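Enquirer: Quick one: the structure is below, and I'll ask about it shortly.
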Amino acid sequence: MISLAGRDILHSWSKFALTGLGLGLLIGVTFTMAGVYRGMVDDAKVLLNNSGADLWVVQKDTLGPYAEPSSVHDDIYRGLLGFPGIAQAANVTYLTMQVRRGERDVRAMVVGFVPGGPGEPRYLIAGRRVTRSHYEAVADLSAGFAVGDRIRIRRHEYTVVGVTRRMVSSGGDPMVFIPLKDAQEAQFLKDNDAIVNERARTANNPALNRPGVPGLLGAIEASQTSGRTVNAVLVRVASGHSPDRVAAELRRWKHVQAFTRAQMEDILVAKLIATASRQIGMFLVILTIVSAAIVAFIIYTMTLGKIREIAVLKLIGTHNSTIASMILQQALGLGVIGFVVGKIAATIWGPAFPRYVLLEPWDAVIGFVLVMLVCVLASTLAIRAALRVDPAAAIGG
Amino acid sequence: MTSDVGIRIEGLSKRYGEGSTAVDALKDVNMSVAPGEVVGLIGPSGSGKTTLLKCLGAVIEPTRGRMTLGGQVIYDGGWKIADLRVLRRDRIGFIFQAPYLIPFLDATDNVALLPMLSGQSNAAARARARELLEALDVAHRAKALPAELSGGEQQRVSIARALANRPPVILADEPTAPLDSERGLAVMRILDQLASQYATAIIVVTHDEKIIPTFKRTYHIRDGRTVEEVGDGRSLVGAS
Ligand SMILES: Nc1ncnc2c1ncn2[C@@H]1O[C@H](COP(=O)(O)OP(=O)(O)OP(=O)(O)O)[C@@H](O)[C@H]1O
Ligand SMILES: [Mg+2]
């Protein structure tokens with residue numbers, strides 16, 4: 001037996017190819033959406049991995065530092081260093097802001113880190129680590145930074161000495177790593193006017209500026225401005241100690257929250273990008289429905305165009321199942337063309353996206369099965385129409 | 001095919017619909033066609049010609065009567081055949097007013113499709129198709145798609161298709177309608193020759209004045225009743 005479906009496809013291949021192409025581009029968009037989500041999850045993992053930390057110590061009762069604001073005093077890391085099971089501890093700050101590169105503004109997450117400590121980006125694709133304690137930066141490739149570039153952050157110019165890859169915030173902004181002191185200053189400068197303001201308020205407060213107590217006002221002002229904070233302390237656990245155990249102990253004895261890497265990953269994936277992933281999920285549902293509608297419509301019109309032939313086929317004794325499978329095979333054929341086009345399209349345009357698009361082979365397999373299912377469903381309309389055709393119609397009037 | 005009976009219809013009636021809107025399209029029709037014989041079925045519009053072909057072709061069910069095809073009773077107050085689809089596939093050849101070829105199959109495969117549907121190998125089915133295309137003088141167009149064939153060539157391919165499974169019976173509904181009189185007569189010659197060559201009983205429904213004289217025997221149908229009329233077949237004999 002010859003393949004009726006195959007022959008029909010070959011016969012009207014241009015219609016088929018064009019429909020398949022259109023469907024394929026739609027499927028490509030669907031794959032890309034899934035890839036964007038996978039990329040977000042993977043970015044989060046890369047971010048956590050590259051920090052080299054085992055524990056994130058943050059402000060009590062917060063989910064900081066990425067999902068919620070967190071601030072802790074910049075001296076608590078000293079106390080942590082003496083804590084059992086902790087090998088290294090270092091302050092970090094995170095501040096999302098506009099930085100200037102040449103004439104252009106770039107939105108970036110500025111990370112203040114202690115060179116040599118946890119939080120320093122571990123893998124550079126170009127250049128070197130920060131060695132001077134001031135005005136050197138390591139920046140991410142995704143914003144187009146290269147070694148030797150000058151970045152302006154607030155009032156200071158930094159020289160890019162190293163370049164990372166795929167170090168982006170959960171919002172997709174490239175990270176710029178600068179020494180902690182500089183970063184704190186950047187945050188502090190932001191509040192310069194506020195501090196002048198605060199000083200005036202303090203001086204005007206009769207309770208704090210008592211005539212009989214010289215030095216009180218100065219002490220209060222000093223404590224107000226010198227009490228600097230950071231967003232988190234990154235901790236590396238000493239070998240032989242369980243991060244879970246150390247985190248539990250920290251939560252118990254220090255007035256802080258401590259997250260392990262697994263918990264942090266959960267916060268990033270389940271909480272921070274949850275809305276984004278629901279958004280993408282919604283797109284996937286709509287794109288699936290649209291694809292199904294297109295396949296259904298095309299296969300249905302193609303079948304209606306063959307009603308006379310189907311009546312003849314039935315009259316000369318073709319099984320209903322043969323006719324149904326012909327239509328089904330055409331729908332599946334369309335699906336296969338669409339899948340291949342979609343996969344190729346997503347692979348081609350994926351890298352052009354501003355965010356990392358991760359096309360997982362396993363997603364492609366699931367996608368293929370889904371496309372086939374959609375095609376089967378979409379062909380039922382046409383199959384029903386074909387099965388209703390009366391063989392007597394072939395004999396005519 | 002070895003039977004002495006090609007087609008026999010006895011007391012066949014067909015009523016469409018029920019009650020006050022019922023139409024008695026066939027009323028007690030009697031008719032018989034011997035193997036190797038081509039008979040014409042003529043009558044005014046609405047007289048029941050197509051209805052009769054549909055009953056014989058087992059696509060609509062008669063209301064009453066008896067039909068015998070190739071020596072086998074297929075209907076006697078009810079269908080006597082379990083699978084009408086197989087009956088149509090293996091024992092009846094259909095020729096339509098328009099060729100109705102499958103547009104995506106070439107001439108060979110349009111003919112070979114039937115033997116393939118009956119379970120023959122592709123090679124055997126195609127060999128049979130080539131043999132028939134040869135006999136119908138369209139072998140040189142064997143690889144052409146229907147759209148690439150002339151109207152006459154298409155009609156000959158569709159005749160080859162009707163013959164593909166060596167059916168004892170061929171039902172033709174106005175097969176010469178789209179053809180000029182020359183080609184129409186040529187088709188009738190072919191049918192006549194095939195009928196005697198393969199001992200096939202052929203009924204040809206027609207309005208075509210030019211081919212009516214070619215039948216040795218014609219049935220006139222009027223208001224669902226048949227009248228036999230003997231023709232002389234002179235023109236066809238003269239032409240061949
Ligand atoms: N499906 C149907 N339902 C009801 N009545 C029908 C149906 N098909 C045909 N008829 C009626 O049965 C009668 C015979 O119709 P039929 O089609 O057999 O005529 P015909 O001889 O083939 O006519 P024509 O030469 O115009 O094709 C007509 O009165 C027609 O209206
Ligand atoms: Mg008719």
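Labeling convention for the structure tokens: chains A, B, ... as they appear, residues from 1 per chain, ligands from 1 in order of appearance.
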Which chain B residues are at most 9 Å from chain A (counting only C-alpha atoms), as a tab-separated table (two decimals) with all heavy atoms, in the first residue's frame?

Expert:
```tsv
chain	number	residue	atom	x	y	z
B	50	THR	N	-30.04	7.47	-11.20
B	50	THR	CA	-28.95	7.51	-10.22
B	50	THR	C	-29.32	6.68	-8.99
B	50	THR	O	-28.47	5.99	-8.41
B	50	THR	CB	-28.64	8.97	-9.83
B	50	THR	OG1	-28.25	9.67	-11.01
B	50	THR	CG2	-27.54	9.04	-8.80
B	51	THR	N	-30.59	6.75	-8.62
B	51	THR	CA	-31.03	5.97	-7.46
B	51	THR	C	-30.77	4.48	-7.71
B	51	THR	O	-30.28	3.76	-6.82
B	51	THR	CB	-32.52	6.21	-7.20
B	51	THR	OG1	-32.74	7.61	-7.02
B	51	THR	CG2	-32.99	5.45	-5.98
B	53	LEU	N	-28.47	3.16	-9.67
B	53	LEU	CA	-27.03	2.90	-9.59
B	53	LEU	C	-26.55	2.88	-8.15
B	53	LEU	O	-25.70	2.08	-7.78
B	53	LEU	CB	-26.24	3.98	-10.35
B	53	LEU	CG	-26.14	3.88	-11.87
B	53	LEU	CD1	-24.95	4.69	-12.36
B	53	LEU	CD2	-26.01	2.44	-12.32
B	54	LYS	N	-27.12	3.76	-7.34
B	54	LYS	CA	-26.70	3.81	-5.93
B	54	LYS	C	-27.10	2.54	-5.20
B	54	LYS	O	-26.35	2.04	-4.34
B	54	LYS	CB	-27.29	5.04	-5.24
B	54	LYS	CG	-26.57	6.33	-5.61
B	54	LYS	CD	-27.17	7.54	-4.92
B	54	LYS	CE	-26.37	8.79	-5.26
B	54	LYS	NZ	-27.03	10.01	-4.75
B	57	GLY	N	-24.83	-0.08	-6.42
B	57	GLY	CA	-23.49	0.20	-5.90
B	57	GLY	C	-23.39	0.04	-4.40
B	57	GLY	O	-22.35	0.30	-3.82
B	58	ALA	N	-24.50	-0.37	-3.77
B	58	ALA	CA	-24.51	-0.65	-2.33
B	58	ALA	C	-24.11	0.57	-1.50
B	58	ALA	O	-23.46	0.44	-0.47
B	58	ALA	CB	-23.61	-1.84	-1.99
B	59	VAL	N	-24.50	1.78	-1.96
B	59	VAL	CA	-24.27	2.94	-1.11
B	59	VAL	C	-25.57	3.47	-0.52
B	59	VAL	O	-25.53	4.26	0.42
B	59	VAL	CB	-23.53	4.08	-1.84
B	59	VAL	CG1	-22.08	3.69	-2.08
B	59	VAL	CG2	-24.21	4.46	-3.12
B	60	ILE	N	-26.72	3.06	-1.08
B	60	ILE	CA	-27.97	3.31	-0.37
B	60	ILE	C	-28.75	2.00	-0.34
B	60	ILE	O	-28.54	1.12	-1.18
B	60	ILE	CB	-28.84	4.43	-1.02
B	60	ILE	CG1	-29.25	4.05	-2.44
B	60	ILE	CG2	-28.14	5.77	-0.99
B	60	ILE	CD1	-30.24	5.04	-3.04
B	84	LEU	N	-20.19	-4.33	2.88
B	84	LEU	CA	-20.51	-3.70	1.60
B	84	LEU	C	-19.29	-2.99	1.01
B	84	LEU	O	-19.17	-2.85	-0.20
B	84	LEU	CB	-21.66	-2.70	1.79
B	84	LEU	CG	-22.97	-3.34	2.24
B	84	LEU	CD1	-24.02	-2.26	2.49
B	84	LEU	CD2	-23.49	-4.34	1.21
B	85	ARG	N	-18.40	-2.55	1.91
B	85	ARG	CA	-17.19	-1.87	1.46
B	85	ARG	C	-16.35	-2.82	0.60
B	85	ARG	O	-15.86	-2.43	-0.48
B	85	ARG	CB	-16.39	-1.44	2.70
B	85	ARG	CG	-15.23	-0.52	2.44
B	85	ARG	CD	-14.53	-0.21	3.75
B	85	ARG	NE	-14.06	-1.43	4.40
B	85	ARG	CZ	-12.99	-2.10	4.01
B	85	ARG	NH1	-12.26	-1.67	3.01
B	85	ARG	NH2	-12.62	-3.20	4.64
B	86	VAL	N	-16.21	-4.06	1.05
B	86	VAL	CA	-15.44	-5.05	0.30
B	86	VAL	C	-16.16	-5.40	-1.00
B	86	VAL	O	-15.54	-5.58	-2.04
B	86	VAL	CB	-15.19	-6.30	1.18
B	86	VAL	CG1	-14.58	-7.43	0.35
B	86	VAL	CG2	-14.30	-5.94	2.35
B	87	LEU	N	-17.49	-5.46	-0.92
B	87	LEU	CA	-18.28	-5.73	-2.13
B	87	LEU	C	-17.97	-4.65	-3.18
B	87	LEU	O	-17.70	-4.96	-4.34
B	87	LEU	CB	-19.77	-5.72	-1.78
B	87	LEU	CG	-20.72	-5.77	-2.98
B	87	LEU	CD1	-20.79	-7.18	-3.53
B	87	LEU	CD2	-22.11	-5.28	-2.60
B	88	ARG	N	-18.01	-3.41	-2.77
B	88	ARG	CA	-17.77	-2.31	-3.70
B	88	ARG	C	-16.35	-2.35	-4.24
B	88	ARG	O	-16.10	-2.06	-5.40
B	88	ARG	CB	-18.00	-0.95	-3.02
B	88	ARG	CG	-19.45	-0.66	-2.67
B	88	ARG	CD	-19.66	0.83	-2.44
B	88	ARG	NE	-18.83	1.34	-1.36
B	88	ARG	CZ	-19.23	1.44	-0.10
B	88	ARG	NH1	-20.45	1.08	0.24
B	88	ARG	NH2	-18.42	1.91	0.81
B	89	ARG	N	-15.43	-2.71	-3.35
B	89	ARG	CA	-14.03	-2.68	-3.72
B	89	ARG	C	-13.70	-3.79	-4.74
B	89	ARG	O	-13.00	-3.55	-5.72
B	89	ARG	CB	-13.17	-2.87	-2.46
B	89	ARG	CG	-11.69	-2.76	-2.68
B	89	ARG	CD	-10.94	-3.15	-1.41
B	89	ARG	NE	-11.03	-4.60	-1.19
B	89	ARG	CZ	-10.71	-5.20	-0.06
B	89	ARG	NH1	-10.32	-4.50	0.99
B	89	ARG	NH2	-10.80	-6.50	0.05
B	90	ASP	N	-14.23	-5.00	-4.50
B	90	ASP	CA	-13.77	-6.15	-5.27
B	90	ASP	C	-14.72	-6.56	-6.40
B	90	ASP	O	-14.31	-7.24	-7.32
B	90	ASP	CB	-13.57	-7.36	-4.33
B	90	ASP	CG	-12.44	-7.11	-3.35
B	90	ASP	OD1	-11.67	-6.17	-3.57
B	90	ASP	OD2	-12.35	-7.86	-2.35
B	92	ILE	N	-17.45	-4.42	-7.87
B	92	ILE	CA	-18.13	-3.40	-8.66
B	92	ILE	C	-17.10	-2.37	-9.12
B	92	ILE	O	-16.28	-1.90	-8.32
B	92	ILE	CB	-19.23	-2.68	-7.82
B	92	ILE	CG1	-20.21	-3.69	-7.24
B	92	ILE	CG2	-19.95	-1.64	-8.68
B	92	ILE	CD1	-21.20	-3.11	-6.28
B	93	GLY	N	-17.16	-2.04	-10.41
B	93	GLY	CA	-16.33	-0.95	-10.89
B	93	GLY	C	-17.21	0.27	-11.11
B	93	GLY	O	-18.32	0.15	-11.60
B	94	PHE	N	-16.73	1.43	-10.69
B	94	PHE	CA	-17.53	2.66	-10.84
B	94	PHE	C	-16.88	3.60	-11.83
B	94	PHE	O	-15.67	3.84	-11.78
B	94	PHE	CB	-17.65	3.39	-9.50
B	94	PHE	CG	-18.46	2.66	-8.46
B	94	PHE	CD1	-17.84	1.83	-7.53
B	94	PHE	CD2	-19.84	2.79	-8.41
B	94	PHE	CE1	-18.58	1.16	-6.57
B	94	PHE	CE2	-20.58	2.12	-7.45
B	94	PHE	CZ	-19.95	1.30	-6.53
B	95	ILE	N	-17.68	4.10	-12.75
B	95	ILE	CA	-17.20	5.17	-13.64
B	95	ILE	C	-18.17	6.34	-13.48
B	95	ILE	O	-19.38	6.14	-13.55
B	95	ILE	CB	-17.16	4.71	-15.11
B	95	ILE	CG1	-16.28	3.46	-15.24
B	95	ILE	CG2	-16.64	5.82	-16.00
B	95	ILE	CD1	-16.35	2.82	-16.62
B	96	PHE	N	-17.62	7.51	-13.23
B	96	PHE	CA	-18.48	8.66	-12.95
B	96	PHE	C	-18.51	9.60	-14.13
B	96	PHE	O	-17.71	9.50	-15.05
B	96	PHE	CB	-18.00	9.40	-11.72
B	96	PHE	CG	-17.68	8.51	-10.57
B	96	PHE	CD1	-16.36	8.25	-10.24
B	96	PHE	CD2	-18.69	7.89	-9.86
B	96	PHE	CE1	-16.07	7.40	-9.19
B	96	PHE	CE2	-18.39	7.05	-8.81
B	96	PHE	CZ	-17.07	6.80	-8.47
B	97	GLN	N	-19.44	10.54	-14.02
B	97	GLN	CA	-19.55	11.57	-15.04
B	97	GLN	C	-18.21	12.32	-15.20
B	97	GLN	O	-17.69	12.48	-16.29
B	97	GLN	CB	-20.65	12.53	-14.65
B	97	GLN	CG	-20.82	13.67	-15.61
B	97	GLN	CD	-22.07	14.45	-15.29
B	97	GLN	OE1	-22.87	14.06	-14.45
B	97	GLN	NE2	-22.23	15.56	-15.98
B	100	TYR	N	-12.99	12.02	-11.43
B	100	TYR	CA	-12.73	11.93	-10.00
B	100	TYR	C	-11.50	11.11	-9.68
B	100	TYR	O	-11.54	10.22	-8.83
B	100	TYR	CB	-13.94	11.36	-9.25
B	100	TYR	CG	-15.16	12.23	-9.36
B	100	TYR	CD1	-16.42	11.66	-9.38
B	100	TYR	CD2	-15.05	13.61	-9.44
B	100	TYR	CE1	-17.56	12.45	-9.48
B	100	TYR	CE2	-16.17	14.41	-9.54
B	100	TYR	CZ	-17.41	13.83	-9.57
B	100	TYR	OH	-18.52	14.60	-9.67
B	101	LEU	N	-10.41	11.41	-10.35
B	101	LEU	CA	-9.17	10.73	-10.01
B	101	LEU	C	-8.60	11.37	-8.75
B	101	LEU	O	-8.94	12.51	-8.42
B	101	LEU	CB	-8.18	10.85	-11.17
B	101	LEU	CG	-8.66	10.20	-12.46
B	101	LEU	CD1	-7.70	10.49	-13.60
B	101	LEU	CD2	-8.85	8.70	-12.28
B	102	ILE	N	-7.75	10.62	-8.04
B	102	ILE	CA	-7.13	11.17	-6.84
B	102	ILE	C	-6.00	12.10	-7.31
B	102	ILE	O	-5.06	11.64	-7.95
B	102	ILE	CB	-6.58	10.05	-5.94
B	102	ILE	CG1	-7.68	9.00	-5.66
B	102	ILE	CG2	-6.03	10.61	-4.64
B	102	ILE	CD1	-8.91	9.53	-4.98
B	103	PRO	N	-6.10	13.40	-7.01
B	103	PRO	CA	-5.22	14.37	-7.66
B	103	PRO	C	-3.74	14.19	-7.31
B	103	PRO	O	-2.89	14.62	-8.07
B	103	PRO	CB	-5.74	15.72	-7.15
B	103	PRO	CG	-6.51	15.40	-5.93
B	103	PRO	CD	-7.06	14.03	-6.11
B	104	PHE	N	-3.47	13.56	-6.17
B	104	PHE	CA	-2.05	13.47	-5.78
B	104	PHE	C	-1.41	12.14	-6.16
B	104	PHE	O	-0.27	11.88	-5.80
B	104	PHE	CB	-1.87	13.76	-4.28
B	104	PHE	CG	-2.81	13.01	-3.37
B	104	PHE	CD1	-2.55	11.72	-2.99
B	104	PHE	CD2	-3.97	13.64	-2.91
B	104	PHE	CE1	-3.41	11.05	-2.14
B	104	PHE	CE2	-4.84	12.97	-2.06
B	104	PHE	CZ	-4.56	11.67	-1.68
B	105	LEU	N	-2.16	11.30	-6.90
B	105	LEU	CA	-1.57	10.04	-7.37
B	105	LEU	C	-1.43	10.10	-8.89
B	105	LEU	O	-2.31	10.64	-9.57
B	105	LEU	CB	-2.45	8.86	-6.98
B	105	LEU	CG	-2.67	8.62	-5.49
B	105	LEU	CD1	-3.57	7.41	-5.29
B	105	LEU	CD2	-1.34	8.42	-4.77
B	109	ASP	N	-0.82	4.90	-10.23
B	109	ASP	CA	-1.24	4.62	-8.86
B	109	ASP	C	-2.73	4.85	-8.65
B	109	ASP	O	-3.34	4.22	-7.78
B	109	ASP	CB	-0.41	5.44	-7.87
B	109	ASP	CG	0.97	4.84	-7.69
B	109	ASP	OD1	1.15	3.68	-8.10
B	109	ASP	OD2	1.86	5.53	-7.15
B	113	LEU	N	-4.37	1.71	-7.00
B	113	LEU	CA	-4.88	1.89	-5.63
B	113	LEU	C	-5.87	0.78	-5.25
B	113	LEU	O	-5.81	0.23	-4.15
B	113	LEU	CB	-5.55	3.26	-5.52
B	113	LEU	CG	-6.08	3.64	-4.15
B	113	LEU	CD1	-4.96	3.69	-3.13
B	113	LEU	CD2	-6.77	5.00	-4.20
B	114	LEU	N	-6.76	0.44	-6.19
B	114	LEU	CA	-7.79	-0.55	-5.87
B	114	LEU	C	-7.19	-1.92	-5.54
B	114	LEU	O	-7.50	-2.47	-4.48
B	114	LEU	CB	-8.78	-0.63	-7.02
B	114	LEU	CG	-10.04	0.16	-6.73
B	114	LEU	CD1	-10.71	0.61	-7.98
B	114	LEU	CD2	-10.98	-0.66	-5.88
B	116	MET	N	-4.30	-2.49	-4.53
B	116	MET	CA	-3.56	-2.32	-3.27
B	116	MET	C	-4.51	-2.38	-2.08
B	116	MET	O	-4.22	-3.02	-1.07
B	116	MET	CB	-2.82	-0.98	-3.26
B	116	MET	CG	-1.60	-0.93	-4.17
B	116	MET	SD	-0.86	0.72	-4.11
B	116	MET	CE	0.33	0.61	-5.44
B	117	LEU	N	-5.66	-1.68	-2.22
B	117	LEU	CA	-6.64	-1.71	-1.13
B	117	LEU	C	-7.11	-3.13	-0.87
B	117	LEU	O	-7.45	-3.51	0.25
B	117	LEU	CB	-7.84	-0.82	-1.46
B	117	LEU	CG	-7.62	0.69	-1.41
B	117	LEU	CD1	-8.84	1.42	-1.96
B	117	LEU	CD2	-7.33	1.15	0.01
B	118	SER	N	-7.13	-3.96	-1.95
B	118	SER	CA	-7.57	-5.34	-1.78
B	118	SER	C	-6.45	-6.22	-1.23
B	118	SER	O	-6.64	-7.42	-1.07
B	118	SER	CB	-8.04	-5.91	-3.12
B	118	SER	OG	-9.06	-5.12	-3.63
B	119	GLY	N	-5.30	-5.63	-1.00
B	119	GLY	CA	-4.24	-6.39	-0.34
B	119	GLY	C	-3.15	-6.89	-1.28
B	119	GLY	O	-2.26	-7.62	-0.86
B	120	GLN	N	-3.20	-6.48	-2.55
B	120	GLN	CA	-2.12	-6.91	-3.44
B	120	GLN	C	-0.86	-6.11	-3.17
B	120	GLN	O	-0.92	-4.98	-2.69
B	120	GLN	CB	-2.55	-6.71	-4.90
B	120	GLN	CG	-3.55	-7.74	-5.36
B	120	GLN	CD	-3.72	-7.69	-6.88
B	120	GLN	OE1	-2.78	-7.43	-7.62
B	120	GLN	NE2	-4.93	-7.97	-7.33
B	121	SER	N	0.28	-6.70	-3.52
B	121	SER	CA	1.54	-6.00	-3.34
B	121	SER	C	1.58	-4.80	-4.30
B	121	SER	O	0.90	-4.80	-5.33
B	121	SER	CB	2.71	-6.93	-3.64
B	121	SER	OG	2.80	-7.14	-5.03
B	122	ASN	N	2.38	-3.81	-3.94
B	122	ASN	CA	2.49	-2.63	-4.80
B	122	ASN	C	2.93	-3.02	-6.20
B	122	ASN	O	2.41	-2.51	-7.19
B	122	ASN	CB	3.49	-1.64	-4.21
B	122	ASN	CG	2.95	-0.95	-2.97
B	122	ASN	OD1	1.84	-1.27	-2.53
B	122	ASN	ND2	3.72	-0.04	-2.41
B	162	ALA	N	-11.76	1.44	-12.79
B	162	ALA	CA	-12.97	0.65	-12.55
B	162	ALA	C	-12.72	-0.82	-12.84
B	162	ALA	O	-13.35	-1.69	-12.24
B	162	ALA	CB	-14.11	1.18	-13.41
B	173	ASP	N	-22.03	6.18	-14.67
B	173	ASP	CA	-23.03	7.24	-14.61
B	173	ASP	C	-22.61	8.35	-15.56
B	173	ASP	O	-21.69	9.11	-15.27
B	173	ASP	CB	-23.14	7.77	-13.17
B	173	ASP	CG	-24.41	8.58	-12.98
B	173	ASP	OD1	-25.23	8.65	-13.92
B	173	ASP	OD2	-24.57	9.15	-11.88
```

Enquirer: Extract, using only C-alpha atoms, all DNA, RNA and protein residues at most 6 Å from Ala89 in chain A, discarding same-chain residues fewer than 6 positions from it, and format them as an mmCIF file with C-alpha atoms, in the first residue's frame.

Expert:
```cif
data_model
loop_
_atom_site.group_PDB
_atom_site.id
_atom_site.type_symbol
_atom_site.label_atom_id
_atom_site.label_comp_id
_atom_site.auth_asym_id
_atom_site.auth_seq_id
_atom_site.Cartn_x
_atom_site.Cartn_y
_atom_site.Cartn_z
ATOM 1 C CA TYR A 77 31.267 39.132 60.033
ATOM 2 C CA LEU A 234 28.655 35.259 52.696
ATOM 3 C CA VAL A 235 30.094 32.344 54.590
#
```

Enquirer: How close does chain B get to ligand 1? List, as JSON lines, each residue of chain B within 9 Å, its nearest atom pair and the distance in Å to one decimal, counting only C-alpha atoms and all ligand atoms.

Expert:
```
{"residue": "B:Lys14", "atom": "CA", "partner": "ligand 1", "partner_atom_place_in_ligand_line": "12 (O)", "distance": 8.6}
{"residue": "B:Arg15", "atom": "CA", "partner": "ligand 1", "partner_atom_place_in_ligand_line": "5 (N)", "distance": 7.9}
{"residue": "B:Tyr16", "atom": "CA", "partner": "ligand 1", "partner_atom_place_in_ligand_line": "4 (C)", "distance": 4.6}
{"residue": "B:Gly17", "atom": "CA", "partner": "ligand 1", "partner_atom_place_in_ligand_line": "4 (C)", "distance": 6.0}
{"residue": "B:Thr21", "atom": "CA", "partner": "ligand 1", "partner_atom_place_in_ligand_line": "4 (C)", "distance": 8.5}
{"residue": "B:Ala22", "atom": "CA", "partner": "ligand 1", "partner_atom_place_in_ligand_line": "4 (C)", "distance": 7.4}
{"residue": "B:Val23", "atom": "CA", "partner": "ligand 1", "partner_atom_place_in_ligand_line": "5 (N)", "distance": 5.7}
{"residue": "B:Asp24", "atom": "CA", "partner": "ligand 1", "partner_atom_place_in_ligand_line": "12 (O)", "distance": 6.7}
{"residue": "B:Ala25", "atom": "CA", "partner": "ligand 1", "partner_atom_place_in_ligand_line": "12 (O)", "distance": 4.3}
{"residue": "B:Leu26", "atom": "CA", "partner": "ligand 1", "partner_atom_place_in_ligand_line": "14 (C)", "distance": 7.4}
{"residue": "B:Ile42", "atom": "CA", "partner": "ligand 1", "partner_atom_place_in_ligand_line": "21 (O)", "distance": 8.1}
{"residue": "B:Gly43", "atom": "CA", "partner": "ligand 1", "partner_atom_place_in_ligand_line": "21 (O)", "distance": 6.4}
{"residue": "B:Pro44", "atom": "CA", "partner": "ligand 1", "partner_atom_place_in_ligand_line": "25 (O)", "distance": 5.8}
{"residue": "B:Ser45", "atom": "CA", "partner": "ligand 1", "partner_atom_place_in_ligand_line": "25 (O)", "distance": 3.5}
{"residue": "B:Gly46", "atom": "CA", "partner": "ligand 1", "partner_atom_place_in_ligand_line": "19 (O)", "distance": 3.5}
{"residue": "B:Ser47", "atom": "CA", "partner": "ligand 1", "partner_atom_place_in_ligand_line": "21 (O)", "distance": 3.9}
{"residue": "B:Gly48", "atom": "CA", "partner": "ligand 1", "partner_atom_place_in_ligand_line": "18 (O)", "distance": 3.1}
{"residue": "B:Lys49", "atom": "CA", "partner": "ligand 1", "partner_atom_place_in_ligand_line": "21 (O)", "distance": 3.7}
{"residue": "B:Thr50", "atom": "CA", "partner": "ligand 1", "partner_atom_place_in_ligand_line": "22 (O)", "distance": 3.7}
{"residue": "B:Thr51", "atom": "CA", "partner": "ligand 1", "partner_atom_place_in_ligand_line": "18 (O)", "distance": 3.6}
{"residue": "B:Leu52", "atom": "CA", "partner": "ligand 1", "partner_atom_place_in_ligand_line": "18 (O)", "distance": 6.4}
{"residue": "B:Leu53", "atom": "CA", "partner": "ligand 1", "partner_atom_place_in_ligand_line": "18 (O)", "distance": 8.1}
{"residue": "B:Lys54", "atom": "CA", "partner": "ligand 1", "partner_atom_place_in_ligand_line": "18 (O)", "distance": 8.3}
{"residue": "B:Asp173", "atom": "CA", "partner": "ligand 1", "partner_atom_place_in_ligand_line": "22 (O)", "distance": 8.8}
{"residue": "B:Val205", "atom": "CA", "partner": "ligand 1", "partner_atom_place_in_ligand_line": "22 (O)", "distance": 8.5}
{"residue": "B:Thr206", "atom": "CA", "partner": "ligand 1", "partner_atom_place_in_ligand_line": "25 (O)", "distance": 8.2}
{"residue": "B:His207", "atom": "CA", "partner": "ligand 1", "partner_atom_place_in_ligand_line": "25 (O)", "distance": 7.4}
{"residue": "B:Ile221", "atom": "CA", "partner": "ligand 1", "partner_atom_place_in_ligand_line": "21 (O)", "distance": 7.9}
{"residue": "B:Arg222", "atom": "CA", "partner": "ligand 1", "partner_atom_place_in_ligand_line": "21 (O)", "distance": 8.4}
{"residue": "B:Asp223", "atom": "CA", "partner": "ligand 1", "partner_atom_place_in_ligand_line": "14 (C)", "distance": 7.9}
{"residue": "B:Gly224", "atom": "CA", "partner": "ligand 1", "partner_atom_place_in_ligand_line": "14 (C)", "distance": 7.3}
```

Enquirer: Could you give me, as a compact mmCIF listing (two decimals) with C-alpha atoms, in the first residue's frame, the residues within 7 Å of Ser291 in chain A, counting only C-alpha atoms and dropping anything in the same chain fewer than 4 positions from it?

Expert:
```txt
# COMPACT_ATOMS: atom_id res chain seq x y z
CA LEU A 23 3.67 26.84 12.62
CA LEU A 26 5.25 29.82 16.46
CA LEU A 287 0.90 29.69 22.03
CA VAL A 295 -3.12 23.05 12.61
```

Enquirer: Neighbours of Tyr135 in chain A within 7 Å (only C-alpha atoms; same-chain residues fewer than 2 positions away dropped), as a PyMOL selection string?

Expert: chain A and resi 137+157-159

Enquirer: Can you pull out every residue within 9 Å of Thr30 in chain A, counting only C-alpha atoms, but drop anything in the same chain fewer than 4 positions away, and send it as a ChimeraX atom specification?

Expert: /A:25-26,34-35,283-284,287-288,342,346,367

Enquirer: Kindly indicate which residue among B:Ser150, B:Ile81, B:Arg128, B:Gly19 lies nearest to Asn165 in chain B, using only C-alpha atoms for the distances.

Expert: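 Once distances to Asn165 in chain B are computed over only C-alpha atoms, the minimum belongs to B:Arg128.
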
Enquirer: Would you give me, as a ChimeraX atom specification, the residues in range 79-180 of chain A that DSSP reads as helix (DSSP H, G or I)?

Expert: /A:79-81,141-143,180

Enquirer: Find the residues around range 8-11 of chain B up to 9 Å (only C-alpha atoms counted), leave out those fewer than 3 positions away in its own chain, and share them as a list in words.

Expert: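 Everything that qualifies: Val5, Lys27, Asp28, Val29, Asn30, Met31, Ser32, Val33, Ala34, Leu56, Arg64, Gly65, Arg66, Met67, Thr68, Leu69, Gly70, Gly71 and Val73 of chain B.
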